[in-house]
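Q: So here's final_8.txt (compact mmCIF, C-alpha atoms).
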# COMPACT_ATOMS: atom_id res chain seq x y z
CA MET A 1 -49.80 -7.58 54.46
CA SER A 2 -47.75 -6.85 51.36
CA THR A 3 -46.44 -3.44 50.43
CA ASP A 4 -48.55 -3.55 47.27
CA MET A 5 -51.72 -3.68 49.31
CA ASN A 6 -50.58 -0.96 51.75
CA THR A 7 -49.70 1.61 49.07
CA GLY A 8 -52.04 0.67 46.32
CA THR A 9 -49.58 2.03 43.71
CA SER A 10 -46.18 0.57 44.44
CA GLY A 11 -47.05 -2.69 42.68
CA ALA A 12 -47.86 -0.81 39.47
CA ASP A 13 -44.63 1.20 39.84
CA GLY A 14 -42.70 -2.02 40.23
CA ARG A 15 -44.27 -3.47 37.13
CA ASP A 16 -43.45 -0.25 35.21
CA ARG A 17 -39.85 -0.48 36.35
CA ASP A 18 -39.72 -4.09 35.27
CA ARG A 19 -41.14 -3.19 31.88
CA ASP A 20 -38.64 -0.29 31.50
CA SER A 21 -35.81 -2.63 32.44
CA ALA A 22 -37.02 -5.26 29.99
CA ASP A 23 -37.32 -2.62 27.27
CA ARG A 24 -33.75 -1.47 27.94
CA VAL A 25 -32.45 -5.02 27.78
CA ARG A 26 -34.40 -5.67 24.58
CA ASP A 27 -33.08 -2.42 23.06
CA ARG A 28 -29.53 -3.31 24.08
CA ASP A 29 -29.83 -6.81 22.65
CA ASN A 30 -31.18 -5.45 19.37
CA ARG A 31 -28.28 -3.00 19.09
CA VAL A 32 -25.67 -5.62 19.96
CA GLY A 33 -27.33 -8.53 18.19
CA ASN A 34 -27.78 -10.88 21.15
CA ARG A 35 -31.30 -12.02 20.30
CA ASP A 36 -32.23 -12.66 16.70
CA GLY A 37 -30.50 -14.69 14.02
CA ASP A 38 -28.03 -17.55 14.06
CA ASP A 39 -24.58 -17.54 15.67
CA ARG A 40 -22.91 -16.07 12.59
CA ASP A 41 -25.38 -13.19 12.42
CA ARG A 42 -24.96 -12.47 16.12
CA GLU A 43 -21.17 -12.45 15.75
CA LEU A 44 -21.42 -10.08 12.79
CA LEU A 45 -23.62 -7.65 14.73
CA ALA A 46 -21.32 -7.91 17.76
CA ARG A 47 -18.29 -7.03 15.62
CA VAL A 48 -20.10 -4.09 14.02
CA PHE A 49 -21.11 -2.96 17.51
CA LEU A 50 -17.52 -3.18 18.82
CA ALA A 51 -16.18 -1.40 15.74
CA ARG A 52 -18.22 1.61 16.88
CA VAL A 53 -17.11 1.26 20.52
CA ALA A 54 -13.36 0.55 20.26
CA GLU A 55 -10.68 2.50 18.44
CA PRO A 56 -8.96 0.67 15.57
CA GLY A 57 -6.02 -1.43 16.67
CA ASP A 58 -7.04 -1.53 20.36
CA GLU A 59 -5.05 -4.56 21.51
CA ALA A 60 -6.89 -4.82 24.83
CA VAL A 61 -10.21 -5.27 23.03
CA GLY A 62 -8.55 -7.64 20.57
CA ARG A 63 -7.28 -9.75 23.45
CA TRP A 64 -10.75 -9.84 25.05
CA VAL A 65 -12.26 -10.99 21.74
CA ARG A 66 -9.65 -13.74 21.46
CA GLU A 67 -10.10 -14.91 25.05
CA HIS A 68 -13.86 -14.46 25.61
CA GLY A 69 -15.40 -14.28 22.15
CA VAL A 70 -16.77 -11.24 20.38
CA CYS A 71 -20.39 -11.74 21.50
CA GLU A 72 -19.44 -11.95 25.17
CA VAL A 73 -17.29 -8.81 24.98
CA ALA A 74 -20.11 -6.91 23.29
CA ARG A 75 -22.59 -8.15 25.90
CA ARG A 76 -20.41 -7.01 28.79
CA LEU A 77 -19.77 -3.58 27.29
CA ALA A 78 -23.45 -3.09 26.53
CA GLY A 79 -24.56 -4.10 30.04
CA ASP A 80 -23.67 -3.14 33.59
CA HIS A 81 -20.74 -5.47 34.16
CA ALA A 82 -17.40 -5.30 35.93
CA PRO A 83 -14.43 -4.23 33.78
CA LEU A 84 -12.62 -6.85 31.79
CA PRO A 85 -8.94 -7.22 32.77
CA GLY A 86 -6.14 -5.12 31.35
CA ILE A 87 -7.56 -1.58 31.45
CA SER A 88 -8.44 1.02 34.07
CA ARG A 89 -11.92 1.68 35.38
CA ARG A 90 -11.88 5.09 33.72
CA ARG A 91 -11.16 3.59 30.33
CA TRP A 92 -13.80 0.91 30.84
CA ASP A 93 -16.35 3.61 31.63
CA GLY A 94 -15.33 5.44 28.47
CA LEU A 95 -15.91 2.34 26.37
CA ARG A 96 -19.28 1.76 28.04
CA ALA A 97 -20.27 5.36 27.32
CA ARG A 98 -19.56 4.76 23.65
CA ALA A 99 -21.44 1.47 23.81
CA GLY A 100 -24.52 3.33 24.99
CA HIS A 101 -24.67 5.13 21.63
CA ALA A 102 -23.63 2.23 19.38
CA ASP A 103 -26.21 0.52 17.20
CA ALA A 104 -24.96 -2.25 14.91
CA ARG A 105 -28.12 -2.45 12.83
CA ARG A 106 -28.12 1.29 12.22
CA ASP A 107 -24.47 1.20 11.09
CA LEU A 108 -25.19 -1.65 8.68
CA ALA A 109 -28.11 0.32 7.26
CA LEU A 110 -25.98 3.45 6.82
CA ALA A 111 -23.30 1.41 5.07
CA GLY A 112 -25.91 -0.15 2.81
CA ASP A 113 -27.01 3.31 1.71
CA VAL A 114 -23.59 3.88 0.08
CA GLY A 115 -23.21 0.31 -1.18
CA ALA A 116 -20.74 -0.76 1.53
CA ARG A 117 -20.53 -4.11 3.31
CA PHE A 118 -18.88 -5.30 6.51
CA VAL A 119 -16.25 -8.01 6.04
CA ALA A 120 -15.31 -9.88 9.22
CA PRO A 121 -12.67 -12.48 10.11
CA GLY A 122 -13.90 -15.88 8.99
CA ASP A 123 -15.81 -14.50 6.01
CA VAL A 124 -14.92 -15.81 2.55
CA GLU A 125 -13.79 -12.30 1.58
CA TRP A 126 -11.57 -11.77 4.65
CA PRO A 127 -7.84 -11.42 3.72
CA GLY A 128 -6.05 -13.96 5.90
CA GLN A 129 -2.82 -11.93 5.98
CA LEU A 130 -4.54 -9.41 8.29
CA ASP A 131 -4.46 -12.10 10.98
CA ASP A 132 -0.70 -11.46 11.22
CA LEU A 133 -1.59 -8.34 13.22
CA GLY A 134 -2.53 -10.52 16.20
CA ASP A 135 -4.62 -8.71 18.82
CA ALA A 136 -4.32 -5.51 16.75
CA ARG A 137 -6.22 -7.19 13.90
CA PRO A 138 -9.26 -5.20 12.75
CA LEU A 139 -12.58 -6.31 14.18
CA GLY A 140 -13.76 -6.10 10.60
CA LEU A 141 -13.49 -3.89 7.54
CA TRP A 142 -16.08 -1.75 5.79
CA VAL A 143 -15.70 -2.25 2.05
CA ARG A 144 -17.12 -0.27 -0.89
CA GLY A 145 -16.76 -1.75 -4.36
CA ARG A 146 -17.63 -4.94 -6.21
CA PRO A 147 -14.35 -6.93 -6.31
CA SER A 148 -13.33 -9.42 -3.64
CA LEU A 149 -10.97 -7.85 -1.12
CA ARG A 150 -9.35 -11.19 -0.36
CA MET A 151 -8.58 -11.94 -4.01
CA TRP A 152 -7.22 -8.48 -4.71
CA ALA A 153 -5.03 -8.49 -1.59
CA LEU A 154 -3.29 -11.69 -2.69
CA ARG A 155 -1.37 -9.77 -5.36
CA SER A 156 -1.06 -6.25 -4.04
CA VAL A 157 1.66 -3.68 -3.32
CA ALA A 158 1.41 -0.57 -1.13
CA LEU A 159 2.64 2.76 -2.52
CA VAL A 160 2.92 5.47 0.12
CA GLY A 161 4.75 8.74 0.61
CA ALA A 162 4.63 12.44 1.36
CA ARG A 163 1.41 14.43 1.07
CA ALA A 164 3.33 17.56 0.03
CA CYS A 165 5.37 15.65 -2.53
CA THR A 166 7.47 17.14 -5.32
CA GLU A 167 6.74 16.80 -9.03
CA TYR A 168 9.39 14.08 -9.09
CA GLY A 169 7.60 12.18 -6.30
CA ALA A 170 4.22 12.44 -8.02
CA HIS A 171 5.74 11.31 -11.32
CA MET A 172 7.50 8.31 -9.77
CA ALA A 173 4.37 7.27 -7.81
CA ALA A 174 2.16 7.43 -10.91
CA ASP A 175 4.77 5.66 -13.06
CA LEU A 176 5.28 2.86 -10.52
CA ALA A 177 1.53 2.41 -10.07
CA ALA A 178 0.89 2.27 -13.81
CA GLY A 179 3.70 -0.24 -14.28
CA LEU A 180 2.40 -2.45 -11.47
CA ALA A 181 -1.16 -2.25 -12.79
CA GLU A 182 0.00 -3.26 -16.28
CA ARG A 183 1.66 -6.32 -14.72
CA GLY A 184 -1.57 -7.35 -12.99
CA TRP A 185 -0.78 -6.05 -9.49
CA VAL A 186 -3.20 -4.17 -7.25
CA VAL A 187 -1.97 -0.80 -5.97
CA VAL A 188 -2.94 -0.03 -2.35
CA SER A 189 -2.60 3.42 -0.82
CA GLY A 190 -4.29 5.77 1.61
CA GLY A 191 -6.28 8.10 -0.63
CA ALA A 192 -4.43 11.20 0.65
CA TYR A 193 -2.96 14.11 -1.29
CA GLY A 194 0.48 13.80 -2.84
CA VAL A 195 2.00 10.38 -3.42
CA ASP A 196 -1.19 8.49 -2.46
CA GLY A 197 -3.34 10.32 -4.97
CA ALA A 198 -0.71 10.01 -7.71
CA ALA A 199 -0.48 6.26 -7.10
CA HIS A 200 -4.26 5.77 -7.31
CA ARG A 201 -4.48 7.87 -10.49
CA GLY A 202 -1.56 6.05 -12.07
CA ALA A 203 -3.23 2.67 -11.53
CA LEU A 204 -6.62 3.88 -12.74
CA GLY A 205 -5.07 5.57 -15.77
CA ALA A 206 -3.46 2.28 -16.77
CA GLY A 207 -6.83 0.53 -16.49
CA GLY A 208 -5.64 -1.34 -13.40
CA ALA A 209 -6.88 -2.10 -9.91
CA THR A 210 -6.42 0.08 -6.84
CA VAL A 211 -7.56 0.06 -3.20
CA ALA A 212 -7.88 3.12 -0.95
CA VAL A 213 -7.62 2.38 2.78
CA LEU A 214 -9.20 5.31 4.64
CA ALA A 215 -8.78 6.55 8.20
CA CYS A 216 -12.49 7.48 8.38
CA GLY A 217 -15.87 6.07 7.46
CA VAL A 218 -16.04 4.82 3.88
CA ASP A 219 -19.18 6.92 3.37
CA ARG A 220 -17.36 10.24 3.88
CA PRO A 221 -14.34 10.61 1.57
CA TYR A 222 -11.33 12.36 3.09
CA PRO A 223 -9.69 14.63 2.11
CA ARG A 224 -12.64 16.51 0.67
CA GLY A 225 -10.58 17.47 -2.37
CA HIS A 226 -10.33 13.78 -3.29
CA THR A 227 -14.08 13.12 -3.21
CA ALA A 228 -14.22 12.56 -6.96
CA LEU A 229 -11.12 10.35 -6.89
CA ILE A 230 -12.37 8.18 -4.00
CA THR A 231 -15.78 7.89 -5.62
CA ARG A 232 -14.09 6.71 -8.81
CA ILE A 233 -12.02 4.20 -6.83
CA ALA A 234 -15.22 2.86 -5.23
CA GLU A 235 -16.71 2.41 -8.71
CA GLN A 236 -13.64 0.80 -10.34
CA GLY A 237 -11.81 -0.63 -7.34
CA LEU A 238 -12.24 -0.83 -3.57
CA VAL A 239 -12.50 1.69 -0.73
CA VAL A 240 -11.76 0.14 2.67
CA GLY A 241 -11.83 1.36 6.27
CA GLU A 242 -12.07 0.14 9.86
CA LEU A 243 -14.13 3.01 11.18
CA PRO A 244 -17.93 2.84 11.02
CA PRO A 245 -20.02 5.06 8.75
CA GLY A 246 -19.84 8.75 9.52
CA ASP A 247 -16.66 8.60 11.63
CA HIS A 248 -14.04 11.27 10.98
CA PRO A 249 -10.24 10.94 10.79
CA THR A 250 -7.78 12.01 13.51
CA PRO A 251 -3.97 12.08 13.47
CA SER A 252 -3.77 8.89 15.53
CA ARG A 253 -6.24 7.11 13.24
CA PHE A 254 -4.01 7.81 10.23
CA ILE A 255 -1.06 6.18 11.97
CA VAL A 256 -3.09 3.14 13.08
CA ARG A 257 -4.63 2.84 9.61
CA ASN A 258 -1.15 2.35 8.14
CA ARG A 259 -0.79 -1.07 9.79
CA VAL A 260 -3.72 -2.31 7.67
CA ILE A 261 -2.03 -1.09 4.48
CA ALA A 262 1.17 -2.87 5.50
CA ALA A 263 -0.53 -6.13 6.48
CA LEU A 264 -2.83 -6.24 3.47
CA THR A 265 -0.02 -6.16 0.89
CA ARG A 266 3.04 -8.19 -0.04
CA GLY A 267 5.32 -5.19 0.25
CA THR A 268 5.44 -1.44 0.80
CA VAL A 269 7.19 1.10 -1.42
CA VAL A 270 7.94 4.58 -0.05
CA VAL A 271 8.32 7.11 -2.84
CA GLU A 272 9.10 10.30 -0.90
CA ALA A 273 9.22 10.75 2.86
CA ALA A 274 10.86 13.21 5.21
CA CYS A 275 12.48 11.96 8.40
CA ARG A 276 9.24 12.52 10.37
CA SER A 277 6.83 11.43 7.66
CA GLY A 278 3.80 9.40 8.75
CA SER A 279 4.32 7.10 5.76
CA LEU A 280 7.41 5.71 7.52
CA ALA A 281 5.00 4.13 10.04
CA THR A 282 3.69 1.97 7.20
CA VAL A 283 7.21 0.76 6.42
CA ARG A 284 7.95 0.02 10.08
CA ALA A 285 4.70 -1.96 10.33
CA ALA A 286 5.56 -3.86 7.14
CA ARG A 287 9.01 -4.68 8.51
CA ARG A 288 7.54 -5.99 11.78
CA LEU A 289 5.16 -8.19 9.79
CA GLY A 290 7.92 -9.62 7.64
CA ARG A 291 6.76 -7.88 4.47
CA HIS A 292 9.10 -6.49 1.83
CA THR A 293 10.10 -2.84 2.31
CA MET A 294 11.29 -0.74 -0.62
CA GLY A 295 12.26 2.86 -1.24
CA VAL A 296 12.61 5.10 -4.30
CA PRO A 297 15.75 7.27 -4.06
CA GLY A 298 15.56 11.01 -4.60
CA PRO A 299 18.02 13.90 -4.73
CA ALA A 300 20.50 13.82 -1.85
CA THR A 301 19.68 17.49 -1.21
CA SER A 302 15.91 16.91 -0.89
CA SER A 303 14.53 16.84 2.67
CA LEU A 304 11.49 14.98 1.31
CA SER A 305 13.74 12.06 0.41
CA ALA A 306 15.77 12.06 3.64
CA GLY A 307 13.48 9.53 5.33
CA VAL A 308 13.63 7.21 2.31
CA HIS A 309 17.41 7.41 2.19
CA GLU A 310 17.62 6.52 5.85
CA LEU A 311 15.47 3.46 5.15
CA LEU A 312 17.72 2.49 2.24
CA ARG A 313 20.72 2.63 4.58
CA SER A 314 19.07 0.06 6.86
CA GLU A 315 16.65 -2.62 5.66
CA ALA A 316 14.74 -1.24 2.67
CA VAL A 317 15.61 -2.24 -0.90
CA LEU A 318 16.20 0.40 -3.55
CA VAL A 319 13.74 0.26 -6.46
CA THR A 320 13.36 2.56 -9.45
CA ASP A 321 10.59 0.97 -11.52
CA ALA A 322 7.74 -1.52 -11.39
CA ALA A 323 9.86 -4.39 -12.72
CA GLU A 324 12.21 -4.11 -9.74
CA VAL A 325 9.28 -4.07 -7.33
CA VAL A 326 7.77 -7.19 -8.91
CA GLU A 327 11.14 -8.95 -8.82
CA LEU A 328 11.10 -8.55 -5.02
CA VAL A 329 7.44 -9.27 -4.21
CA GLY A 330 6.47 -11.49 -7.14
CA ASP A 331 6.82 -15.19 -7.81
CA MET A 332 10.03 -17.00 -8.60
CA GLY A 333 11.28 -16.10 -12.06
CA GLU A 334 9.65 -12.64 -12.25
CA LEU A 335 13.00 -10.91 -12.73
CA ALA A 336 13.67 -7.33 -13.72
CA PRO A 337 15.60 -6.96 -17.01
CA ALA A 338 19.36 -6.53 -16.73
CA ARG A 339 20.55 -2.91 -16.80
CA HIS A 340 22.96 -1.90 -19.58
CA GLY A 341 23.86 1.14 -21.62
CA PRO A 342 22.90 1.73 -25.26
CA VAL A 343 24.37 -0.63 -27.87
CA LEU A 344 26.41 1.37 -30.42
CA PRO A 345 26.87 0.13 -34.01
CA ARG A 346 30.63 -0.35 -33.55
CA ASP A 347 29.90 -2.60 -30.53
CA LEU A 348 28.78 -5.14 -33.13
CA LEU A 349 32.16 -5.19 -34.91
CA GLU A 350 34.50 -8.11 -34.52
CA PRO A 351 37.26 -7.51 -31.93
CA ALA A 352 40.01 -7.31 -34.60
CA ALA A 353 38.07 -4.65 -36.52
CA ARG A 354 37.43 -2.68 -33.33
CA ARG A 355 41.16 -2.67 -32.55
CA VAL A 356 42.00 -1.29 -36.00
CA LEU A 357 39.28 1.35 -35.69
CA ALA A 358 40.61 2.38 -32.26
CA ALA A 359 44.15 2.72 -33.72
CA LEU A 360 43.13 5.54 -36.11
CA PRO A 361 43.98 9.06 -34.87
CA GLY A 362 41.19 11.37 -33.80
CA ARG A 363 42.30 13.99 -36.34
CA GLY A 364 44.01 13.62 -39.67
CA ALA A 365 45.08 10.54 -41.58
CA ALA A 366 47.60 7.81 -40.74
CA PRO A 367 49.45 5.33 -42.99
CA PRO A 368 48.57 1.61 -42.82
CA GLY A 369 51.85 0.70 -41.13
CA GLU A 370 51.23 3.09 -38.23
CA ILE A 371 47.65 1.83 -37.85
CA ALA A 372 48.89 -1.80 -37.86
CA ARG A 373 51.37 -1.05 -35.06
CA GLY A 374 48.63 0.61 -32.99
CA ALA A 375 46.33 -2.38 -33.51
CA GLN A 376 49.13 -4.87 -32.84
CA THR A 377 48.60 -6.71 -36.12
CA THR A 378 50.23 -7.07 -39.54
CA GLN A 379 49.98 -4.37 -42.20
CA ASP A 380 48.13 -6.71 -44.58
CA ASP A 381 45.55 -7.54 -41.87
CA ALA A 382 45.17 -3.86 -41.01
CA ILE A 383 44.56 -2.96 -44.67
CA ALA A 384 41.92 -5.70 -44.97
CA ARG A 385 40.17 -4.42 -41.87
CA LEU A 386 40.34 -0.83 -43.12
CA TYR A 387 38.56 -1.74 -46.34
CA GLU A 388 35.93 -3.58 -44.27
CA LEU A 389 35.48 -0.52 -42.07
CA ARG A 390 35.22 1.72 -45.14
CA SER A 391 32.33 -0.37 -46.47
CA LEU A 392 30.56 0.18 -43.14
CA GLY A 393 31.13 3.95 -43.24
CA TYR A 394 33.66 4.23 -40.40
CA VAL A 395 36.81 5.25 -42.32
CA GLU A 396 37.81 6.80 -45.61
CA ARG A 397 41.04 6.77 -47.64
CA HIS A 398 43.03 9.97 -48.21
CA GLY A 399 45.95 9.29 -50.59
CA ASP A 400 48.23 6.77 -48.88
CA GLY A 401 46.57 7.27 -45.48
CA TRP A 402 43.30 6.50 -43.71
CA LYS A 403 41.14 8.67 -41.44
CA LEU A 404 37.88 8.46 -39.50
CA THR A 405 34.70 9.64 -41.17
CA ARG A 406 32.63 12.38 -39.59
CA GLN A 407 29.99 9.83 -38.50
CA ALA A 408 32.63 7.65 -36.84
CA MET A 409 34.01 10.64 -34.91
CA ILE A 410 30.51 11.46 -33.61
CA SER A 411 30.10 7.86 -32.51
CA VAL A 412 33.41 7.93 -30.65
CA ARG A 413 32.52 11.15 -28.83
CA ALA A 414 29.09 9.71 -27.83
CA ASP A 415 30.64 6.61 -26.27
CA PRO A 416 30.21 7.00 -22.46
CA GLY A 417 32.92 4.41 -21.94
CA ARG A 418 35.65 6.69 -23.34
CA CYS A 419 37.32 9.30 -21.18
As structure tokens - that is how I would like this structure written.
A:
Amino acid sequence: MSTDMNTGTSGADGRDRDRDSADRVRDRDNRVGNRDGDDRDRELLARVFLARVAEPGDEAVGRWVREHGVCEVARRLAGDHAPLPGISRRRWDGLRARAGHADARRDLALAGDVGARFVAPGDVEWPGQLDDLGDARPLGLWVRGRPSLRMWALRSVALVGARACTEYGAHMAADLAAGLAERGWVVVSGGAYGVDGAAHRGALGAGGATVAVLACGVDRPYPRGHTALITRIAEQGLVVGELPPGDHPTPSRFIVRNRVIAALTRGTVVVEAACRSGSLATVRAARRLGRHTMGVPGPATSSLSAGVHELLRSEAVLVTDAAEVVELVGDMGELAPARHGPVLPRDLLEPAARRVLAALPGRGAAPPGEIARGAQTTQDDAIARLYELRSLGYVERHGDGWKLTRQAMISVRADPGRC
């Protein structure tokens, strides 16, 4: 006789357990996205699920996704399965504990409340240059704002630097950002105080485009003091982050976030950075990815520029304005203008006239013969040149001699080429 008949209740208990188990499986599948929708929808939900479970840049999870597929990794983490290779049992249990509280559909709904979307690899909007990160590639990005992230990233430059920057650093960051924006480049930074904030404001002030890459959920601006700025960026540009809605920043998340800034852009400019500045991590990531690395020099006595100067001694390129940045990261032919000093009126004189002018004494008058000897020419030629110079206001006649006018003497003193 069966156990069900002997007890009278165990059969009902078994059916209840089966129903509870089925409910748990159904709940898990709904959270992970294993049941409804086509393959693309299931992959999207699986990526959103994993974005809640794994820390950004987790290369072990990235390797699992590459080897097994995102849906299979999500299924194993959501269920009672043996650990995937490459991590300890303790870490696997930690991931599974997170998975027990992850809900992809809920995260998508929370993001929708603030007008954010989830952009995943393979989507039309996905920036292909992020694939250079390999297994550390983001599982996806949460994006607030109307423009296409992929299109904006194609012509973008990162501006990063110290949070506690000097007035010089803030001025240079804003000036560089405005210049880049005026040239049609997108300015990417981290939304933080100091250089980041100055860069975003400089781009916005010039009517240009800017992207803030956050180390927290895109629905909770950080730092709090930049809430208005980040809200404005979301309205006029893009706010991007790897972490799901509601997640908070940590020191390690700031460092890992910097690899996205580096990979997303054509090059990274460091405006001010001490030797231990976190912004140097962005430059190191950019260098590993083969991106351009640039630095803005500061006073040799400033500790906030010491990190930049060390970069300039190694592989970074010195830049001082937007034109020099564009020359490095832009297309062929986008050259910065040649540097030269001011053009003085006497620079436009013919060489023979300049030699006669230079032969006149700084004080007092000199006869034509003495001027001719100084200019290494004939007296008749010197006299002809002196009358030419008088018509231009450089010299004046005093009896039988010639002397410099007051205006000519000022011009000579202002010439940086004279000792």
Q: Which residue is closest to A:Leu159? Choose from A:Arg406, A:Arg253, A:Arg266, A:His398 and count only C-alpha atoms.
A: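 Answer, going by the shortest atom-to-atom distance: A:Arg266.
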Q: I'd like the interatomic distance between atom CA of A:Arg96 and atom CA of A:Gly79, to a tenth of an Å.
A: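 For atom CA of A:Arg96 relative to atom CA of A:Gly79, the distance reads 8.1 Å.
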Q: Identify the residues around (11.9, 3.4, -4.0) within a radius of 9 Å, measuring from all atoms listed in the file in the coordinates stated by the file, and give them as a JSON list (two decimals) with C-alpha atoms, in the coordinates of the input.
A:
[["chain", "number", "residue", "atom", "x", "y", "z"],
["A", 172, "MET", "CA", 7.50, 8.31, -9.77],
["A", 269, "VAL", "CA", 7.19, 1.10, -1.42],
["A", 270, "VAL", "CA", 7.94, 4.58, -0.05],
["A", 271, "VAL", "CA", 8.32, 7.11, -2.84],
["A", 272, "GLU", "CA", 9.10, 10.30, -0.90],
["A", 294, "MET", "CA", 11.29, -0.74, -0.62],
["A", 295, "GLY", "CA", 12.26, 2.86, -1.24],
["A", 296, "VAL", "CA", 12.61, 5.10, -4.30],
["A", 297, "PRO", "CA", 15.75, 7.27, -4.06],
["A", 298, "GLY", "CA", 15.56, 11.01, -4.60],
["A", 308, "VAL", "CA", 13.63, 7.21, 2.31],
["A", 312, "LEU", "CA", 17.72, 2.49, 2.24],
["A", 316, "ALA", "CA", 14.74, -1.24, 2.67],
["A", 317, "VAL", "CA", 15.61, -2.24, -0.90],
["A", 318, "LEU", "CA", 16.20, 0.40, -3.55],
["A", 319, "VAL", "CA", 13.74, 0.26, -6.46],
["A", 320, "THR", "CA", 13.36, 2.56, -9.45],
["A", 321, "ASP", "CA", 10.59, 0.97, -11.52],
["A", 325, "VAL", "CA", 9.28, -4.07, -7.33]]
Q: Between atom CA of A:Ile255 and atom CA of A:Leu238, what is the distance in Å, rounded to a tenth?
A: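 Straight-line distance from atom CA of A:Ile255 to atom CA of A:Leu238 works out to 20.4 Å.
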Q: Might you pull out every residue within 9 Å of stretch 189-200 of chain A, with all atoms listed in the file counted and same-chain residues fewer than 6 positions away left off, and present them as a PyMOL selection string?
A: chain A and resi 157-166+169-178+209-215+221-223+225-226+229-230+233+239+254+257-258+261+270-272
Q: Just to confirm, what's the straight-line distance from atom CA of A:Pro245 to atom CA of A:Arg146 in Å (one decimal)?
A: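 It comes out at 18.2 Å.
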Q: Restricting the calculation to all atoms listed in the file, which member of A:Thr405, A:Ser277, A:Leu392, A:Ala51 is positioned closest to A:Leu348?
A: A:Leu392
Q: Give the answer as one residue: which of A:Trp126, A:Phe49, A:Trp64, A:Tyr168 has the shortest atom-to-atom distance to A:Pro299, using all atoms listed in the file?
A: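 Closest candidate: A:Tyr168.
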Q: Between A:Gly112, A:Gly364, A:Gly241, A:Gly202, which has the minimum distance to A:Glu182 (counting only C-alpha atoms)?
A: A:Gly202
Q: For the point (-14.4, 2.0, 29.0) in file coordinates, what residues are within 12 Å, counting all atoms listed in the file? Give the answer as a PDB file with C-alpha atoms, keeping the file's coordinate frame?
A:
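Everything below was put into point_21.pdb:
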ATOM      1  CA  LEU A  50     -17.520  -3.180  18.820  1.00  0.00           C
ATOM      2  CA  VAL A  53     -17.110   1.260  20.520  1.00  0.00           C
ATOM      3  CA  ALA A  54     -13.360   0.550  20.260  1.00  0.00           C
ATOM      4  CA  GLU A  55     -10.680   2.500  18.440  1.00  0.00           C
ATOM      5  CA  ASP A  58      -7.040  -1.530  20.360  1.00  0.00           C
ATOM      6  CA  ALA A  60      -6.890  -4.820  24.830  1.00  0.00           C
ATOM      7  CA  VAL A  61     -10.210  -5.270  23.030  1.00  0.00           C
ATOM      8  CA  VAL A  73     -17.290  -8.810  24.980  1.00  0.00           C
ATOM      9  CA  ARG A  76     -20.410  -7.010  28.790  1.00  0.00           C
ATOM     10  CA  LEU A  77     -19.770  -3.580  27.290  1.00  0.00           C
ATOM     11  CA  ALA A  78     -23.450  -3.090  26.530  1.00  0.00           C
ATOM     12  CA  GLY A  79     -24.560  -4.100  30.040  1.00  0.00           C
ATOM     13  CA  ASP A  80     -23.670  -3.140  33.590  1.00  0.00           C
ATOM     14  CA  HIS A  81     -20.740  -5.470  34.160  1.00  0.00           C
ATOM     15  CA  ALA A  82     -17.400  -5.300  35.930  1.00  0.00           C
ATOM     16  CA  PRO A  83     -14.430  -4.230  33.780  1.00  0.00           C
ATOM     17  CA  LEU A  84     -12.620  -6.850  31.790  1.00  0.00           C
ATOM     18  CA  PRO A  85      -8.940  -7.220  32.770  1.00  0.00           C
ATOM     19  CA  GLY A  86      -6.140  -5.120  31.350  1.00  0.00           C
ATOM     20  CA  ILE A  87      -7.560  -1.580  31.450  1.00  0.00           C
ATOM     21  CA  SER A  88      -8.440   1.020  34.070  1.00  0.00           C
ATOM     22  CA  ARG A  89     -11.920   1.680  35.380  1.00  0.00           C
ATOM     23  CA  ARG A  90     -11.880   5.090  33.720  1.00  0.00           C
ATOM     24  CA  ARG A  91     -11.160   3.590  30.330  1.00  0.00           C
ATOM     25  CA  TRP A  92     -13.800   0.910  30.840  1.00  0.00           C
ATOM     26  CA  ASP A  93     -16.350   3.610  31.630  1.00  0.00           C
ATOM     27  CA  GLY A  94     -15.330   5.440  28.470  1.00  0.00           C
ATOM     28  CA  LEU A  95     -15.910   2.340  26.370  1.00  0.00           C
ATOM     29  CA  ARG A  96     -19.280   1.760  28.040  1.00  0.00           C
ATOM     30  CA  ALA A  97     -20.270   5.360  27.320  1.00  0.00           C
ATOM     31  CA  ARG A  98     -19.560   4.760  23.650  1.00  0.00           C
ATOM     32  CA  ALA A  99     -21.440   1.470  23.810  1.00  0.00           C
ATOM     33  CA  GLY A 100     -24.520   3.330  24.990  1.00  0.00           C
TER      34      GLY A 100
END
Q: Mind checking which residues fall within 8 Å of A:Pro127, counting only C-alpha atoms, ignoring those fewer than 6 positions away in the same chain, and posting them as a list in words?
A: Leu149, Arg150, Met151, Ala153, Leu154 and Leu264 of chain A
Q: Please identify all polymer residues within 6 Å of A:Ala274, counting only C-alpha atoms, omitting same-chain residues fewer than 2 positions from it, and present them as a count of residues only.
A: 7
